[in-house]
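Presented below is the structure to which this report refers.
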Amino acid sequence: MKKTKTKAKADKAYKEHLGFVGGLQELWKHKMLYLMTLPTIIWVLIFCYYPMYGVLIAFKDFSYKEGIWGSPWVGLKNFQFLFNYKSVGRIFFNTIFLNVLFIATGTIMSILLALVFVEIKNKVYNKIVQTIAIFPHFVSWTVVAMFMSGIIGGSGIMTRWIMDNGGADPAFYTTPGWWPLILVLLKLWQGAGYGTIVYVAAITGFDQEMYEAARVDGATRLQQITRITLPLLKTTAIMLTIMSVGKIFNGDFGMIYALIGDNASLYSTTDVIDTFVYRALRQLNNLGMSTATSFFQSIVGLVLVFTTNFLAKKVEPDAAIF
């Protein structure tokens, strides 16, 4: 009888949270908590959802005089400009290839650094090391570009050192083959430390009793990392990878343009969709084409997120976002 009453109460509580009326009841019951989220909700609506109507520009021959609604429809004409470009295959390949390198190397390095940070027991030293590792994330790419010019430029430190030791001039700024490696190293320098924040938080939240039991069984610190920490981090790593895949069709415009600029001799390995669109917008002033490209990137990113999430759900159900 007692179990029946308990089940009835649970069913009643569940039904109260169903439907529109239940939602209003939940909203009123926790009104102060929801009120705290109101500024964020307003910000998202204004800056994330309200501008979405601008996607109409992708299907119009946009005129500043006529505005979005007054400009004539052109269908998919703006998309044709991108796909008819003779080097579109190279641009797509560079965008995907560089992002795959960034995601793979960034994930590995962030996990390794997180493991190192957790192993540093001295709190003061730990904070200093983490601050030094995270600091590059806040350095402007324009500043980085200036330093790189002084390091690998024609009279840069590294260039002079190589030539002074009998090597040939590496010609970094005219040899495109160097730049995938340079961009990956700079991306690691800039983002790997910042990426450790989530992993460190995840590791510190693991149940410490598992480690104590492993130590009692005679497990070394390396065995604890490989047998406990890394398997538990798998879910977090997959979730962050799924989120990163959504932007795999977006090039890091701030980094690449600051470092490369309009150096056409390096386009074969560094030209990505975003830098191509920026050049086209400057030269042709075609806002419809740039909007169409951005819309295409968003659609591809959405499809990739759903696909990656579906595959992740098959491999590790707990790692799926939805």
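By order in the structure tokens, chains are A, B, ...; within a chain, residues start at 1; ligands start at 1, following the order shown.
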Backbone DSSP call of helix (DSSP H, G or I) for range 47-264 of chain A, listed as a ChimeraX atom specification:
/A:47-59,67-70,77-83,88-119,123-138,141-152,157-164,176-204,208-216,221-245,253-260,264
Contacts of Phe310 in chain A at 12 Å or less, counting only C-alpha atoms, minus same-chain residues fewer than 3 places along, as a PDB file with N, CA and C atoms, in the first residue's frame?
ATOM      1  N   ILE A 238      35.606  13.699 -25.869  1.00  0.00           N
ATOM      2  CA  ILE A 238      34.680  13.500 -26.991  1.00  0.00           C
ATOM      3  C   ILE A 238      33.687  14.648 -27.083  1.00  0.00           C
ATOM      4  N   MET A 239      33.174  15.099 -25.944  1.00  0.00           N
ATOM      5  CA  MET A 239      32.213  16.206 -25.948  1.00  0.00           C
ATOM      6  C   MET A 239      32.839  17.481 -26.501  1.00  0.00           C
ATOM      7  N   ILE A 242      33.282  17.166 -30.274  1.00  0.00           N
ATOM      8  CA  ILE A 242      32.022  17.371 -30.992  1.00  0.00           C
ATOM      9  C   ILE A 242      31.753  18.860 -31.162  1.00  0.00           C
ATOM     10  N   VAL A 303      25.493  20.057 -39.797  1.00  0.00           N
ATOM     11  CA  VAL A 303      25.450  18.655 -40.238  1.00  0.00           C
ATOM     12  C   VAL A 303      26.573  17.858 -39.584  1.00  0.00           C
ATOM     13  N   LEU A 304      27.768  18.444 -39.508  1.00  0.00           N
ATOM     14  CA  LEU A 304      28.897  17.745 -38.908  1.00  0.00           C
ATOM     15  C   LEU A 304      28.690  17.492 -37.421  1.00  0.00           C
ATOM     16  N   VAL A 305      28.085  18.447 -36.730  1.00  0.00           N
ATOM     17  CA  VAL A 305      27.813  18.259 -35.300  1.00  0.00           C
ATOM     18  C   VAL A 305      26.837  17.115 -35.081  1.00  0.00           C
ATOM     19  N   PHE A 306      25.759  17.086 -35.862  1.00  0.00           N
ATOM     20  CA  PHE A 306      24.787  16.000 -35.732  1.00  0.00           C
ATOM     21  C   PHE A 306      25.417  14.650 -36.075  1.00  0.00           C
ATOM     22  N   THR A 307      26.237  14.636 -37.130  1.00  0.00           N
ATOM     23  CA  THR A 307      26.890  13.386 -37.531  1.00  0.00           C
ATOM     24  C   THR A 307      27.866  12.898 -36.467  1.00  0.00           C
ATOM     25  N   LYS A 313      27.548   8.782 -29.940  1.00  0.00           N
ATOM     26  CA  LYS A 313      26.528   8.073 -29.163  1.00  0.00           C
ATOM     27  C   LYS A 313      26.658   6.564 -29.342  1.00  0.00           C
ATOM     28  N   LYS A 314      27.104   6.144 -30.529  1.00  0.00           N
ATOM     29  CA  LYS A 314      27.299   4.714 -30.769  1.00  0.00           C
ATOM     30  C   LYS A 314      28.513   4.182 -30.006  1.00  0.00           C
ATOM     31  N   VAL A 315      29.577   5.014 -29.955  1.00  0.00           N
ATOM     32  CA  VAL A 315      30.816   4.579 -29.310  1.00  0.00           C
ATOM     33  C   VAL A 315      30.771   4.783 -27.794  1.00  0.00           C
ATOM     34  N   GLU A 316      30.351   5.973 -27.379  1.00  0.00           N
ATOM     35  CA  GLU A 316      30.328   6.340 -25.959  1.00  0.00           C
ATOM     36  C   GLU A 316      29.048   7.124 -25.691  1.00  0.00           C
ATOM     37  N   PRO A 317      27.962   6.470 -25.334  1.00  0.00           N
ATOM     38  CA  PRO A 317      26.657   7.154 -25.166  1.00  0.00           C
ATOM     39  C   PRO A 317      26.699   8.322 -24.203  1.00  0.00           C
ATOM     40  N   ASP A 318      27.502   8.232 -23.130  1.00  0.00           N
ATOM     41  CA  ASP A 318      27.547   9.296 -22.136  1.00  0.00           C
ATOM     42  C   ASP A 318      28.239  10.545 -22.671  1.00  0.00           C
ATOM     43  N   ALA A 319      28.993  10.429 -23.771  1.00  0.00           N
ATOM     44  CA  ALA A 319      29.724  11.563 -24.304  1.00  0.00           C
ATOM     45  C   ALA A 319      28.901  12.390 -25.287  1.00  0.00           C
ATOM     46  N   ALA A 320      27.757  11.875 -25.713  1.00  0.00           N
ATOM     47  CA  ALA A 320      26.927  12.608 -26.677  1.00  0.00           C
ATOM     48  C   ALA A 320      26.345  13.852 -26.033  1.00  0.00           C
ATOM     49  N   ILE A 321      26.252  14.913 -26.822  1.00  0.00           N
ATOM     50  CA  ILE A 321      25.699  16.166 -26.308  1.00  0.00           C
ATOM     51  C   ILE A 321      24.189  16.094 -26.209  1.00  0.00           C
ATOM     52  N   PHE A 322      23.551  15.418 -27.150  1.00  0.00           N
ATOM     53  CA  PHE A 322      22.095  15.311 -27.152  1.00  0.00           C
ATOM     54  C   PHE A 322      21.701  13.961 -27.722  1.00  0.00           C
TER      55      PHE A 322
END
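When the distance limit is 10 Å and only C-alpha atoms are what count, the residues near range 56-62 of chain A, minus those fewer than 4 positions from it on the same chain, are Met52, Glu66, Gly67, Ile68, Trp69, Gly70, Ser71, Pro72, Trp73, Val74, Gly75, Leu76, Lys77, Asn78, Phe79, Asn286, Leu287, Gly288, Met289, Ser290, Thr291, Ala292, Thr293, Ser294, Phe295 and Phe296 of chain A.
Nearest-residue note for Phe249 in chain A: choosing from A:Tyr173, A:Phe92, A:Trp28, A:Tyr85, the minimum distance belongs to A:Phe92, counting only C-alpha atoms.
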The distance between CA of Pro136 in chain A and CA of Gln190 in chain A is 4.8 Å
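With CA of Ser265 in chain A on one side and CA of Lys187 in chain A on the other, the separation reads 21.5 Å.
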Find the residues near Ile197 in chain A: any atom within 9 Å, counting only C-alpha atoms, skip ones fewer than 5 places away on the same chain, and give them as a ChimeraX atom specification.
/A:110,114,134,202
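Of the residues under consideration (A:Val116, A:Val124, A:Ala133, A:Ile182), A:Ile182 shows the shortest atom-to-atom contact distance to Phe102 in chain A when counting only C-alpha atoms.
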